[in-house]
Amino acid sequence: MEPGGHHLEGARVSDRLICASFNQDCTSVAVGTESGYILFSLSSVEKLDRIHECSDIPEVYIVERLFSSSLVVVVSLQMPRRMNVYHFKKGTEICNYSYSSNILSVRLNRQRLIVCLEGAIYIHNIKDMKLLKTISDTPSNPTGLCALSINHSNSYLAYPGSSSIGEILVYDANNLNIVTMIPAHDSPLAAMAFNSTGCKLASASEKGTVIRVFSVPEGERLCEFRRGMKRYVNISCLTFSMDSRFLSASSNTETVHIFKLEQLSQCSPEESPSWSGYMGKMFMAASNYLPTQVSDIMNQDRAFATVRLNFSGQRNVCMLAVIQKLPRLLVASSEGYLYIYNLDPQDGGECVLIKKHRLFATDKLDERRDSNFSYGETPTYAATVARKSIVPSTSTVPGYSEDGGARKGEIIPEHEFAVGPVRLDDENEFPPVSILNN
């Protein structure tokens, strides 16, 4: 699942956790519970700081925060056809919108707000929340699968073009037109994700064995990775790191795979006079004479790093992030825990768990039990970087601060700027309005 709200199936009623989502630059995580929703800051490994907690909206199954602003989108199981948009710091409702059927997913960037139903997609202008376009001829999409580029300069939207095979339709949400159709897989789609600049799109099918990466808007296949060959799995979440060097894939198994896109670059024969280069050339030449399926397998890359979860059979949400200057993999589980793993960007291998947080504590006993959690022995790399994370500091991920402005000394990448950017700390921004569409 990309940075977005995801229904965490398998959560017990007593756990009260319904959904979890990371914001677009992974500076916070939001959870929906039976009693409301909670926003946590991800600026530190050692501690989760509560940014906001709301108990006025029961049974929240979608909660999405726009970057580090005060805009949050909420959908409740009690009113699954209604989307509410709030300014949580002011405690005011910006607007609400009702649809003809249940809302399955919501995606945000600084230009567009996307609402996905089973048979339609609605595109709103996030500046004033006006409805710009209704895509009503979409194939049946019972899981609400879609992906939106967080780069608002090219707000590409991807959604299934077929319910029987893995076709991807790429739509320009800024100019409101279809860009391309990508024949990605033979089986129906299960997961999709854009990288941070919107120039790459990763996808997986219901078989769950192969993950492919395509260029956008061209739709050319750039590379593919093999998750495994022994069994089909349900891939529930794909996510790129912010620098697009890594791609993670999580499923209903106990393993999260992390692939390194840098390892795809291959030297030309002139640049590889070594024995390994010669053998690589031989394999590439031989693959031209082999059946397509065999040739594809030869050209697929395996995981650069892996995470072994202590649970399986559950839906989870993952994110690759930089916290306190170090790369991490974050996993939010349906049982209400956030697991933080170190990722060695040089050598990969097995990622080591360094912290486990309870996303909500039912009582003080839960809090004490989690604070006393033991991580056991750790390899050299994990042990070294884990010690560095003890001193609290602000997040180093480029982006916007909690109050909507740039932090001192921080460089905001070019793709973070938009014409007439949204400033949710402005008192005149987003006056409370009510919009109904029955």
# chains A, B, ... in the order shown; residues from 1 in each chain; ligands from 1

$ residues_around --residues "region 115-124 of chain A" --least-positions-apart "5" --cutoff "9 Å" --atoms "only C-alpha atoms" --output "PyMOL selection string"
chain A and resi 83+99-107+129-146+173+176

$ write_last_selection --atoms "N, CA and C atoms" --output "short mmCIF file (atom, residue, chain, number, x, y, z; two decimals), in the first residue's frame"
data_model
loop_
_atom_site.label_atom_id
_atom_site.label_comp_id
_atom_site.auth_asym_id
_atom_site.auth_seq_id
_atom_site.Cartn_x
_atom_site.Cartn_y
_atom_site.Cartn_z
N MET A 83 -17.89 12.06 3.09
CA MET A 83 -16.52 12.47 3.39
C MET A 83 -16.54 13.80 4.13
N TYR A 99 -21.76 10.91 -1.45
CA TYR A 99 -21.66 10.21 -2.73
C TYR A 99 -22.74 9.15 -2.84
N SER A 100 -22.84 8.56 -4.02
CA SER A 100 -23.93 7.63 -4.32
C SER A 100 -23.71 6.24 -3.74
N SER A 101 -22.47 5.92 -3.37
CA SER A 101 -22.18 4.62 -2.76
C SER A 101 -21.03 4.78 -1.77
N ASN A 102 -20.63 3.69 -1.13
CA ASN A 102 -19.62 3.77 -0.08
C ASN A 102 -18.27 4.24 -0.61
N ILE A 103 -17.62 5.07 0.18
CA ILE A 103 -16.28 5.55 -0.14
C ILE A 103 -15.29 4.45 0.23
N LEU A 104 -14.44 4.07 -0.73
CA LEU A 104 -13.49 2.98 -0.51
C LEU A 104 -12.08 3.47 -0.24
N SER A 105 -11.71 4.60 -0.81
CA SER A 105 -10.38 5.16 -0.56
C SER A 105 -10.37 6.64 -0.90
N VAL A 106 -9.41 7.34 -0.30
CA VAL A 106 -9.21 8.77 -0.53
C VAL A 106 -7.72 9.01 -0.71
N ARG A 107 -7.35 9.82 -1.70
CA ARG A 107 -5.95 10.17 -1.94
C ARG A 107 -5.82 11.68 -2.04
N MET A 129 -12.19 22.73 -2.79
CA MET A 129 -12.94 21.48 -2.67
C MET A 129 -14.05 21.32 -3.71
N LYS A 130 -13.98 22.09 -4.79
CA LYS A 130 -14.98 21.95 -5.85
C LYS A 130 -14.74 20.66 -6.63
N LEU A 131 -15.84 20.03 -7.05
CA LEU A 131 -15.74 18.83 -7.86
C LEU A 131 -15.38 19.22 -9.29
N LEU A 132 -14.25 18.69 -9.78
CA LEU A 132 -13.79 19.03 -11.12
C LEU A 132 -14.19 17.99 -12.16
N LYS A 133 -14.20 16.72 -11.75
CA LYS A 133 -14.42 15.66 -12.73
C LYS A 133 -14.96 14.42 -12.04
N THR A 134 -15.87 13.75 -12.70
CA THR A 134 -16.35 12.44 -12.27
C THR A 134 -16.01 11.43 -13.35
N ILE A 135 -15.19 10.45 -13.00
CA ILE A 135 -14.87 9.37 -13.93
C ILE A 135 -15.84 8.23 -13.61
N SER A 136 -16.86 8.10 -14.40
CA SER A 136 -17.96 7.19 -14.05
C SER A 136 -17.91 5.87 -14.80
N ASP A 137 -16.99 5.73 -15.74
CA ASP A 137 -16.96 4.51 -16.55
C ASP A 137 -15.85 3.56 -16.12
N THR A 138 -15.48 3.58 -14.84
CA THR A 138 -14.40 2.72 -14.37
C THR A 138 -14.88 1.29 -14.20
N PRO A 139 -14.02 0.31 -14.44
CA PRO A 139 -14.38 -1.10 -14.17
C PRO A 139 -14.65 -1.29 -12.69
N SER A 140 -15.34 -2.36 -12.34
CA SER A 140 -15.64 -2.63 -10.94
C SER A 140 -14.34 -2.69 -10.13
N ASN A 141 -14.30 -1.92 -9.05
CA ASN A 141 -13.10 -1.78 -8.24
C ASN A 141 -13.49 -1.92 -6.77
N PRO A 142 -13.78 -3.15 -6.33
CA PRO A 142 -14.36 -3.35 -4.99
C PRO A 142 -13.44 -3.00 -3.84
N THR A 143 -12.13 -2.91 -4.07
CA THR A 143 -11.21 -2.54 -3.00
C THR A 143 -10.84 -1.05 -3.03
N GLY A 144 -11.32 -0.32 -4.03
CA GLY A 144 -10.98 1.09 -4.12
C GLY A 144 -9.52 1.32 -4.46
N LEU A 145 -8.93 0.42 -5.25
CA LEU A 145 -7.51 0.52 -5.59
C LEU A 145 -7.26 1.70 -6.51
N CYS A 146 -6.38 2.58 -6.09
CA CYS A 146 -5.94 3.71 -6.92
C CYS A 146 -4.68 4.29 -6.29
N ALA A 173 -4.69 14.26 -13.47
CA ALA A 173 -5.73 14.89 -12.64
C ALA A 173 -5.65 16.41 -12.68
N LEU A 176 -7.07 16.79 -16.52
CA LEU A 176 -8.31 16.01 -16.63
C LEU A 176 -8.42 15.26 -17.95
#

$ residues_around --residues "region 301-318 of chain A" --least-positions-apart "3" --cutoff "6 Å" --atoms "only C-alpha atoms" --output "mmCIF file with N, CA and C atoms, in the first residue's frame"
data_model
loop_
_atom_site.group_PDB
_atom_site.id
_atom_site.type_symbol
_atom_site.label_atom_id
_atom_site.label_comp_id
_atom_site.auth_asym_id
_atom_site.auth_seq_id
_atom_site.Cartn_x
_atom_site.Cartn_y
_atom_site.Cartn_z
ATOM 1 N N LEU A 8 -7.438 -2.147 7.877
ATOM 2 C CA LEU A 8 -6.592 -3.223 8.376
ATOM 3 C C LEU A 8 -7.451 -4.407 8.768
ATOM 4 N N GLU A 9 -7.696 -5.291 7.805
ATOM 5 C CA GLU A 9 -8.522 -6.457 8.045
ATOM 6 C C GLU A 9 -7.832 -7.395 9.030
ATOM 7 N N GLY A 10 -8.614 -8.048 9.825
ATOM 8 C CA GLY A 10 -8.070 -9.005 10.779
ATOM 9 C C GLY A 10 -7.930 -8.430 12.169
ATOM 10 N N PHE A 225 10.760 -7.001 -10.320
ATOM 11 C CA PHE A 225 11.343 -7.711 -9.190
ATOM 12 C C PHE A 225 10.497 -8.945 -8.891
ATOM 13 N N ARG A 226 11.161 -9.993 -8.455
ATOM 14 C CA ARG A 226 10.449 -11.217 -8.098
ATOM 15 C C ARG A 226 10.387 -11.333 -6.587
ATOM 16 N N ASN A 252 0.265 -10.631 2.931
ATOM 17 C CA ASN A 252 -0.333 -11.337 4.051
ATOM 18 C C ASN A 252 0.612 -12.393 4.631
ATOM 19 N N THR A 253 1.869 -12.396 4.186
ATOM 20 C CA THR A 253 2.862 -13.307 4.759
ATOM 21 C C THR A 253 3.667 -12.573 5.827
ATOM 22 N N GLU A 254 4.638 -13.283 6.417
ATOM 23 C CA GLU A 254 5.435 -12.695 7.481
ATOM 24 C C GLU A 254 6.647 -11.924 6.964
ATOM 25 N N THR A 255 6.796 -11.822 5.637
ATOM 26 C CA THR A 255 7.985 -11.192 5.066
ATOM 27 C C THR A 255 7.633 -9.915 4.305
ATOM 28 N N VAL A 256 8.387 -8.858 4.568
ATOM 29 C CA VAL A 256 8.325 -7.635 3.770
ATOM 30 C C VAL A 256 9.605 -7.595 2.935
ATOM 31 N N HIS A 257 9.458 -7.421 1.623
ATOM 32 C CA HIS A 257 10.606 -7.375 0.722
ATOM 33 C C HIS A 257 10.935 -5.931 0.368
ATOM 34 N N ILE A 258 12.210 -5.611 0.337
ATOM 35 C CA ILE A 258 12.679 -4.284 -0.056
ATOM 36 C C ILE A 258 13.621 -4.454 -1.241
ATOM 37 N N PHE A 259 13.297 -3.806 -2.338
ATOM 38 C CA PHE A 259 14.086 -3.897 -3.560
ATOM 39 C C PHE A 259 14.849 -2.590 -3.774
ATOM 40 N N LYS A 260 16.018 -2.712 -4.363
ATOM 41 C CA LYS A 260 16.858 -1.542 -4.609
ATOM 42 C C LYS A 260 16.855 -1.234 -6.098
ATOM 43 N N LEU A 330 8.837 1.290 8.304
ATOM 44 C CA LEU A 330 7.795 1.349 9.323
ATOM 45 C C LEU A 330 6.648 0.429 8.923
ATOM 46 N N VAL A 331 6.162 -0.345 9.870
ATOM 47 C CA VAL A 331 5.055 -1.266 9.623
ATOM 48 C C VAL A 331 3.984 -1.031 10.676
ATOM 49 N N ALA A 332 2.778 -0.671 10.236
ATOM 50 C CA ALA A 332 1.632 -0.536 11.133
ATOM 51 C C ALA A 332 0.784 -1.785 10.991
ATOM 52 N N SER A 333 0.581 -2.493 12.096
ATOM 53 C CA SER A 333 -0.137 -3.763 12.049
ATOM 54 C C SER A 333 -1.588 -3.596 12.470
ATOM 55 N N GLY A 348 22.083 -4.010 2.697
ATOM 56 C CA GLY A 348 20.774 -4.639 2.728
ATOM 57 C C GLY A 348 20.715 -5.774 3.741
ATOM 58 N N GLY A 349 20.177 -6.916 3.312
ATOM 59 C CA GLY A 349 20.079 -8.060 4.209
ATOM 60 C C GLY A 349 18.864 -7.981 5.113
ATOM 61 N N GLU A 350 18.952 -8.689 6.219
ATOM 62 C CA GLU A 350 17.834 -8.737 7.167
ATOM 63 C C GLU A 350 17.754 -7.443 7.970
ATOM 64 N N CYS A 351 16.615 -6.768 7.898
ATOM 65 C CA CYS A 351 16.407 -5.548 8.679
ATOM 66 C C CYS A 351 16.093 -5.927 10.127
#

$ atom_distance --atom1 "CA of Arg328 (chain A)" --atom2 "CA of Ala249 (chain A)"
14.1 Å

$ residues_around --residues "Ser35 (chain A)" --least-positions-apart "5" --cutoff "9 Å" --atoms "only C-alpha atoms" --output "ChimeraX atom specification"
/A:16,54-60

$ write_last_selection --atoms "C-alpha atoms" --output "PDB file, in the first residue's frame"
ATOM      1  CA  ARG A  16     -10.435  -1.048  18.316  1.00  0.00           C
ATOM      2  CA  CYS A  54     -10.519  13.222  18.089  1.00  0.00           C
ATOM      3  CA  SER A  55     -13.224  11.205  19.824  1.00  0.00           C
ATOM      4  CA  ASP A  56     -16.236  12.918  18.238  1.00  0.00           C
ATOM      5  CA  ILE A  57     -16.389  10.692  15.140  1.00  0.00           C
ATOM      6  CA  PRO A  58     -16.918   6.988  15.854  1.00  0.00           C
ATOM      7  CA  GLU A  59     -15.722   4.058  13.733  1.00  0.00           C
ATOM      8  CA  VAL A  60     -13.288   5.895  11.493  1.00  0.00           C
TER       9      VAL A  60
END

$ atom_distance --atom1 "CA of Phe40 (chain A)" --atom2 "CA of Leu108 (chain A)"
18.4 Å

$ residues_around --residues "Cys199 (chain A)" --least-positions-apart "6" --cutoff "9 Å" --atoms "only C-alpha atoms" --output "ChimeraX atom specification"
/A:149,154,214-217
